[in-house]
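Structure file input-v1.cif (mmCIF, C-alpha atoms) follows.
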```cif
data_structure
#
loop_
_atom_site.label_atom_id
_atom_site.label_comp_id
_atom_site.auth_asym_id
_atom_site.auth_seq_id
_atom_site.Cartn_x
_atom_site.Cartn_y
_atom_site.Cartn_z
CA MET A 22 26.35 -7.73 -14.54
CA GLU A 23 28.97 -6.75 -11.98
CA GLU A 24 31.62 -8.54 -14.04
CA MET A 25 30.75 -6.84 -17.33
CA VAL A 26 33.14 -4.31 -18.84
CA ALA A 27 32.73 -1.84 -21.68
CA GLY A 28 32.95 -3.62 -25.02
CA ASP A 29 31.36 -6.89 -23.88
CA VAL A 30 28.64 -8.30 -26.17
CA VAL A 31 25.50 -9.73 -24.59
CA VAL A 32 22.25 -11.21 -25.89
CA VAL A 33 19.01 -9.81 -24.50
CA ARG A 34 15.92 -12.01 -24.88
CA PRO A 35 12.21 -11.16 -24.54
CA ALA A 36 11.04 -10.24 -21.01
CA GLU A 37 14.63 -9.70 -19.86
CA LYS A 38 16.03 -6.45 -18.50
CA VAL A 39 18.82 -4.72 -20.34
CA PRO A 40 21.84 -5.33 -18.07
CA VAL A 41 23.85 -2.17 -18.81
CA ASP A 42 23.84 0.83 -21.12
CA GLY A 43 24.90 -0.10 -24.62
CA GLU A 44 24.36 -0.10 -28.37
CA ILE A 45 22.41 -2.66 -30.41
CA ILE A 46 24.69 -4.37 -32.93
CA ASP A 47 22.24 -6.99 -34.22
CA GLY A 48 18.47 -7.55 -34.05
CA HIS A 49 15.55 -5.34 -33.07
CA SER A 50 12.92 -5.13 -30.35
CA SER A 51 10.58 -2.90 -28.37
CA LEU A 52 11.68 -1.68 -24.94
CA ASP A 53 9.73 -0.37 -21.98
CA GLU A 54 11.73 2.71 -20.89
CA SER A 55 9.11 4.05 -18.48
CA MET A 56 11.48 3.79 -15.51
CA VAL A 57 13.66 6.45 -17.15
CA THR A 58 11.36 8.51 -19.36
CA GLY A 59 7.98 8.00 -17.69
CA GLU A 60 6.57 7.06 -21.11
CA SER A 61 4.42 3.93 -20.91
CA MET A 62 4.46 3.22 -24.65
CA PRO A 63 7.22 0.81 -25.81
CA VAL A 64 10.05 2.28 -27.87
CA SER A 65 11.26 0.49 -30.99
CA LYS A 66 14.98 -0.22 -31.08
CA ALA A 67 17.12 -1.53 -33.93
CA GLN A 68 20.78 -1.83 -34.91
CA GLY A 69 22.74 1.27 -33.96
CA ASP A 70 20.25 2.47 -31.34
CA ILE A 71 21.23 3.15 -27.74
CA VAL A 72 19.61 1.11 -24.96
CA ILE A 73 19.56 1.98 -21.26
CA GLY A 74 20.35 -0.45 -18.49
CA ALA A 75 17.42 -1.65 -16.33
CA THR A 76 14.85 -1.00 -19.08
CA LEU A 77 12.65 -3.97 -20.01
CA ASN A 78 12.92 -5.79 -23.32
CA GLN A 79 9.51 -6.85 -24.60
CA THR A 80 9.05 -8.54 -27.97
CA GLY A 81 12.30 -9.36 -29.77
CA SER A 82 15.86 -10.46 -29.14
CA PHE A 83 19.01 -8.49 -29.90
CA ARG A 84 22.72 -8.43 -29.34
CA MET A 85 24.20 -5.34 -27.75
CA ARG A 86 27.65 -4.01 -26.99
CA ALA A 87 28.11 -2.59 -23.49
CA THR A 88 29.20 1.05 -23.47
CA ARG A 89 28.58 2.10 -19.87
CA VAL A 90 28.88 -0.22 -16.89
CA GLY A 91 28.96 0.13 -13.12
CA ARG A 92 28.83 3.71 -11.91
CA ASP A 93 28.81 5.02 -15.48
CA ARG A 94 25.36 3.58 -16.18
CA MET A 95 22.55 6.09 -16.61
CA LEU A 96 20.57 4.50 -13.74
CA ALA A 97 23.54 4.94 -11.39
CA GLN A 98 23.91 8.54 -12.56
CA ILE A 99 20.21 9.19 -11.91
CA VAL A 100 20.60 7.95 -8.33
CA GLN A 101 23.72 10.08 -7.86
CA LEU A 102 22.05 13.17 -9.31
CA VAL A 103 19.07 12.78 -6.99
CA ARG A 104 21.38 12.46 -3.99
CA GLN A 105 23.38 15.52 -5.00
CA ALA A 106 20.26 17.57 -5.65
CA GLN A 107 18.76 16.65 -2.27
CA THR A 108 21.93 17.62 -0.40
CA SER A 109 22.70 20.79 -2.38
CA LYS A 110 21.74 24.18 -1.01
CA ALA A 111 19.91 26.79 -3.04
CA PRO A 112 20.69 30.49 -2.36
CA ILE A 113 17.40 30.91 -0.51
CA GLN A 114 18.38 27.99 1.74
CA ARG A 115 21.65 29.69 2.65
CA LEU A 116 19.67 32.81 3.51
CA ALA A 117 17.32 30.82 5.73
CA ASP A 118 20.29 29.13 7.42
CA ALA A 119 21.91 32.51 8.11
CA VAL A 120 18.69 33.86 9.63
CA ALA A 121 18.19 30.73 11.74
CA ARG A 122 21.79 30.95 12.96
CA TRP A 123 21.11 34.41 14.43
CA PHE A 124 17.52 33.64 15.37
CA VAL A 125 18.23 31.25 18.26
CA PRO A 126 20.58 33.55 20.24
CA ALA A 127 18.24 36.47 19.52
CA VAL A 128 15.33 34.55 21.04
CA TRP A 129 17.40 33.73 24.12
CA PHE A 130 18.28 37.42 24.46
CA ILE A 131 14.61 38.43 24.15
CA GLY A 132 13.62 35.79 26.69
CA ILE A 133 16.20 37.04 29.22
CA ALA A 134 15.24 40.65 28.59
CA THR A 135 11.58 39.77 29.07
CA PHE A 136 12.33 38.16 32.42
CA VAL A 137 14.37 41.15 33.60
CA VAL A 138 11.76 43.73 32.56
CA TRP A 139 8.85 41.86 34.12
CA PHE A 140 10.82 41.17 37.27
CA ASP A 141 11.77 44.85 37.64
CA VAL A 142 8.54 46.64 36.68
CA GLY A 143 5.87 43.93 36.51
CA PRO A 144 2.97 43.59 38.94
CA ALA A 145 3.14 41.29 41.93
CA PRO A 146 4.02 38.49 42.05
CA ALA A 147 6.79 39.83 39.77
CA PHE A 148 8.90 36.68 39.76
CA GLN A 149 5.98 34.51 38.62
CA PHE A 150 4.98 36.92 35.85
CA ALA A 151 8.61 37.21 34.70
CA LEU A 152 9.11 33.44 34.64
CA VAL A 153 5.90 32.75 32.74
CA ALA A 154 6.55 35.48 30.15
CA ALA A 155 10.14 34.35 29.54
CA ALA A 156 9.00 30.73 29.20
CA ALA A 157 6.28 31.73 26.73
CA VAL A 158 8.84 33.55 24.57
CA LEU A 159 11.17 30.55 24.46
CA ILE A 160 8.33 28.13 23.76
CA ILE A 161 6.54 30.03 21.02
CA ALA A 162 9.76 30.83 19.11
CA CYS A 163 9.88 28.45 16.15
CA PRO A 164 13.32 28.27 14.48
CA CYS A 165 12.37 24.92 12.95
CA ALA A 166 9.89 26.71 10.67
CA LEU A 167 12.83 28.60 9.17
CA GLY A 168 15.33 25.75 9.23
CA ILE A 169 13.28 23.05 7.49
CA ALA A 170 11.09 25.15 5.19
CA THR A 171 13.53 25.15 2.26
CA PRO A 172 15.16 21.68 2.45
CA LEU A 173 11.79 19.98 2.86
CA SER A 174 10.47 21.69 -0.27
CA ILE A 175 13.62 20.81 -2.24
CA ILE A 176 13.48 17.14 -1.23
CA VAL A 177 9.83 16.85 -2.27
CA ALA A 178 10.49 18.69 -5.55
CA THR A 179 13.48 16.48 -6.34
CA GLY A 180 11.39 13.37 -5.87
CA LYS A 181 8.65 14.77 -8.09
CA GLY A 182 11.26 15.70 -10.66
CA ALA A 183 12.69 12.19 -10.65
CA GLU A 184 9.22 10.79 -11.37
CA ALA A 185 8.93 13.15 -14.34
CA GLY A 186 12.42 12.38 -15.70
CA VAL A 187 13.96 15.65 -14.50
CA PRO A 188 16.91 13.71 -11.31
CA ALA A 189 18.76 17.58 -10.64
CA LEU A 190 17.83 21.04 -9.13
CA ALA A 191 20.82 23.27 -8.37
CA PRO A 192 21.36 27.02 -7.95
CA ALA A 193 22.35 28.96 -11.09
CA ASP A 194 20.89 31.16 -13.79
CA VAL A 195 19.91 28.43 -16.24
CA GLY A 196 21.91 25.38 -17.31
CA ILE A 197 20.21 22.42 -18.98
CA ALA A 198 21.56 19.06 -20.12
CA THR A 199 19.92 15.91 -21.47
CA GLY A 200 20.50 12.49 -20.01
CA THR A 201 21.95 11.36 -23.32
CA GLY A 202 24.59 14.09 -23.24
CA THR A 203 28.20 13.89 -22.12
CA ASP A 204 29.20 13.42 -18.51
CA VAL A 205 30.78 16.88 -18.49
CA ALA A 206 27.54 18.51 -19.66
CA ILE A 207 25.46 16.59 -17.13
CA GLY A 208 27.85 17.38 -14.31
CA ALA A 209 27.90 21.12 -15.09
CA ALA A 210 24.17 21.49 -15.70
CA ASP A 211 21.68 22.84 -13.18
CA VAL A 212 18.77 20.84 -14.60
CA THR A 213 19.22 17.43 -16.20
CA LEU A 214 16.49 15.99 -18.44
CA ILE A 215 17.17 12.30 -17.86
CA SER A 216 14.74 11.21 -20.56
CA GLY A 217 16.48 13.38 -23.17
CA GLN A 218 13.10 14.80 -24.22
CA LEU A 219 12.85 18.58 -24.39
CA SER A 220 9.23 18.39 -23.30
CA GLY A 221 10.61 17.72 -19.83
CA LEU A 222 11.84 21.33 -19.79
CA VAL A 223 8.25 22.52 -19.35
CA THR A 224 7.88 20.20 -16.36
CA ALA A 225 11.20 21.41 -14.93
CA ILE A 226 10.20 25.06 -15.14
CA ALA A 227 6.77 24.44 -13.62
CA LEU A 228 8.29 22.32 -10.86
CA SER A 229 10.94 24.95 -10.08
CA ASN A 230 8.33 27.72 -9.90
CA ALA A 231 6.11 25.62 -7.64
CA THR A 232 9.07 24.79 -5.40
CA MET A 233 10.14 28.42 -4.99
CA ARG A 234 6.53 29.44 -4.35
CA ASN A 235 6.23 26.80 -1.63
CA ILE A 236 9.56 27.86 -0.07
CA ARG A 237 8.46 31.51 0.04
CA GLN A 238 5.15 30.49 1.63
CA ASN A 239 6.94 28.43 4.28
CA LEU A 240 9.45 31.15 5.06
CA GLY A 241 6.73 33.82 5.08
CA PHE A 242 4.70 31.81 7.57
CA GLY A 243 7.77 31.19 9.72
CA PHE A 244 8.81 34.85 9.81
CA GLY A 245 5.24 36.05 10.31
CA PHE A 246 4.49 33.58 13.09
CA ASN A 247 7.61 34.51 15.04
CA ALA A 248 7.29 38.25 14.42
CA LEU A 249 3.73 38.19 15.79
CA GLY A 250 4.03 35.52 18.44
CA ILE A 251 7.23 36.54 20.24
CA PRO A 252 6.10 40.10 21.16
CA ILE A 253 2.74 38.80 22.37
CA ALA A 254 4.50 36.12 24.41
CA ALA A 255 6.80 38.78 25.87
CA GLY A 256 3.70 40.58 27.17
CA VAL A 257 3.75 43.82 25.15
CA LEU A 258 -0.06 43.79 25.01
CA TYR A 259 -0.55 43.21 28.73
CA PRO A 260 -0.24 46.88 29.81
CA ILE A 261 -2.64 47.97 27.04
CA LEU A 262 -5.22 45.21 26.69
CA GLY A 263 -4.41 42.95 29.59
CA TRP A 264 -3.71 40.05 27.22
CA TRP A 265 -1.44 37.34 28.56
CA LEU A 266 -0.10 34.32 26.68
CA ASN A 267 -0.10 31.18 28.73
CA PRO A 268 2.94 28.96 27.95
CA MET A 269 0.64 25.98 27.42
CA ILE A 270 -1.23 27.89 24.71
CA ALA A 271 2.12 28.91 23.19
CA ALA A 272 3.18 25.26 23.08
CA SER A 273 -0.08 24.27 21.36
CA ARG A 274 0.42 26.97 18.71
CA VAL A 275 3.92 25.71 17.90
CA ALA A 276 2.65 22.12 17.66
#
```
Before we go any further, please render this structure as structure tokens.
Amino acid sequence: MEEMVAGDVVVVRPAEKVPVDGEIIDGHSSLDESMVTGESMPVSKAQGDIVIGATLNQTGSFRMRATRVGRDRMLAQIVQLVRQAQTSKAPIQRLADAVARWFVPAVWFIGIATFVVWFDVGPAPAFQFALVAAAAVLIIACPCALGIATPLSIIVATGKGAEAGVPALAPADVGIATGTGTDVAIGAADVTLISGQLSGLVTAIALSNATMRNIRQNLGFGFGFNALGIPIAAGVLYPILGWWLNPMIAASRVA
């Protein structure tokens, strides 16, 4: 297969995999295209029909002319699209990155300020109270909740999309291409329906909505946890209610 070039003619027999993308020039058969479309039912193919590399020939034999080989094959493009989608950054991810970039130095500042305040005005032993409060602030702060909330959701969603025949999610208004379209259309699209079936658009929309909902939930938990936990760790409730956050408890909450 590595030596094949576009234009080569090859015979595909029953139970063999189609070696590359191509067009049937003689014969007919039924092909299992579930690895691309997710459809378990065989698809009938005859002269003039397009076949996809790595799909499984079932009943008949046919001769095909190779049209896409190597990196141009649809399977190779699916792999590339999945990789690009998993490494791309949605606008909400850039927002989370910007917040996380300022979050770490802000936590250090709050920790130092907590130590200074408790050391200056805290009850005896002031140094011990100041050290424990500052440590609790640094421990309970959770920048990882902000940093991994979005990429983790995108990676999971991309994998689910690949299973459903949908391998790209990228930031834009709306741009849709089918896997049978031109390379330019696929490259410029925000969502690619690898199977070429418009029914996959419903799956894409539902998957995108679920992904964004999960990202908002993760970010909301991260912001809420830090907004509530850091002041308590700093000891703002100690003068009023006498509540004190032990660093060991703070560590268990983060875990």
### Query
Looking at all atoms listed in the file, which of A:Lys38, A:Ala225, A:Ala255, A:Ile46 is the one that sits closest to Ala151 in chain A?
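Closest residue, counting all atoms listed in the file: A:Ala255.
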### Query
Taking into account all atoms listed in the file, which residue in the set A:Val153, A:Ala162, A:Ala27, A:Ile99 is nearest to Val125 in chain A?
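Checking each of A:Val153, A:Ala162, A:Ala27, A:Ile99 against Val125 in chain A, counting all atoms listed in the file, the winner is A:Ala162.
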### Task
Kindly resolve the PyMOL selection byres ((chain A and resi 248-253) around 12) on the present coordinates and return the residues as a ChimeraX atom specification.
/A:124,127-132,134-135,154-164,240-247,254-268,270-272,274-275
### Message
Which residues, named as in the file, does the PyMOL selection byres ((chain A and resi 70) around 10) pick out? Answer as a list in words.
### Response
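Given this file, the PyMOL selection byres ((chain A and resi 70) around 10) evaluates to Gly43, Glu44, Ile45, Ile46, His49, Ser65, Lys66, Ala67, Gln68, Gly69, Ile71, Val72 and Met85 of chain A.
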Just to be explicit: take each residue in the selection above, keep C-alpha atoms, and write the result as a PDB file, in the frame of the given file.
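Produced file selection05.pdb, reproduced below:
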```pdb
ATOM      1  CA  GLY A  43      24.900  -0.100 -24.620  1.00  0.00           C
ATOM      2  CA  GLU A  44      24.360  -0.100 -28.370  1.00  0.00           C
ATOM      3  CA  ILE A  45      22.410  -2.660 -30.410  1.00  0.00           C
ATOM      4  CA  ILE A  46      24.690  -4.370 -32.930  1.00  0.00           C
ATOM      5  CA  HIS A  49      15.550  -5.340 -33.070  1.00  0.00           C
ATOM      6  CA  SER A  65      11.260   0.490 -30.990  1.00  0.00           C
ATOM      7  CA  LYS A  66      14.980  -0.220 -31.080  1.00  0.00           C
ATOM      8  CA  ALA A  67      17.120  -1.530 -33.930  1.00  0.00           C
ATOM      9  CA  GLN A  68      20.780  -1.830 -34.910  1.00  0.00           C
ATOM     10  CA  GLY A  69      22.740   1.270 -33.960  1.00  0.00           C
ATOM     11  CA  ILE A  71      21.230   3.150 -27.740  1.00  0.00           C
ATOM     12  CA  VAL A  72      19.610   1.110 -24.960  1.00  0.00           C
ATOM     13  CA  MET A  85      24.200  -5.340 -27.750  1.00  0.00           C
TER      14      MET A  85
END
```
### Query
Care to translate the PyMOL selection byres ((chain A and resi 64) around 10) into actual residues of this file, as a list in words?
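On this input, the PyMOL selection byres ((chain A and resi 64) around 10) captures Ser50, Ser51, Leu52, Asp53, Glu54, Ser55, Glu60, Ser61, Met62, Pro63, Ser65, Lys66, Asn78 and Gln79 of chain A.
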Please produce a file of the residues just selected, as a short mmCIF file (atom, residue, chain, number, x, y, z; two decimals), in the frame of the given file, where the atoms kept are C-alpha atoms.
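What landed in out19.cif:
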```
data_model
loop_
_atom_site.label_atom_id
_atom_site.label_comp_id
_atom_site.auth_asym_id
_atom_site.auth_seq_id
_atom_site.Cartn_x
_atom_site.Cartn_y
_atom_site.Cartn_z
CA SER A 50 12.92 -5.13 -30.35
CA SER A 51 10.58 -2.90 -28.37
CA LEU A 52 11.68 -1.68 -24.94
CA ASP A 53 9.73 -0.37 -21.98
CA GLU A 54 11.73 2.71 -20.89
CA SER A 55 9.11 4.05 -18.48
CA GLU A 60 6.57 7.06 -21.11
CA SER A 61 4.42 3.93 -20.91
CA MET A 62 4.46 3.22 -24.65
CA PRO A 63 7.22 0.81 -25.81
CA SER A 65 11.26 0.49 -30.99
CA LYS A 66 14.98 -0.22 -31.08
CA ASN A 78 12.92 -5.79 -23.32
CA GLN A 79 9.51 -6.85 -24.60
#
```
### Query
Of the residues A:Thr80, A:Gln98, A:Gln149, A:Gln114, which is the one nearest to Ile236 in chain A, using all atoms listed in the file?
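For Ile236 in chain A, the nearest of the candidates is A:Gln114.
Excluding Ser82 in chain A and any residue on its chain fewer than 4 positions from it, the residues at most 8 Å away by all atoms listed in the file are Val32, Val33, Arg34, Pro35, Gly48, His49 and Ser50 of chain A.
The gap separating CA of Arg94 in chain A from CA of Leu173 in chain A is 28.6 Å, in Å to one decimal.
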### Message
Using Å and a single decimal, report how far CA of Met95 in chain A sits from CA of Ile73 in chain A.
### Response
6.9 Å
### A:Thr224, A:Ala117, A:Val177, A:Ile133 ranked by distance to Arg237 in chain A, top pick (using only C-alpha atoms)
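Ranked by minimum distance to Arg237 in chain A, first place goes to A:Ala117.
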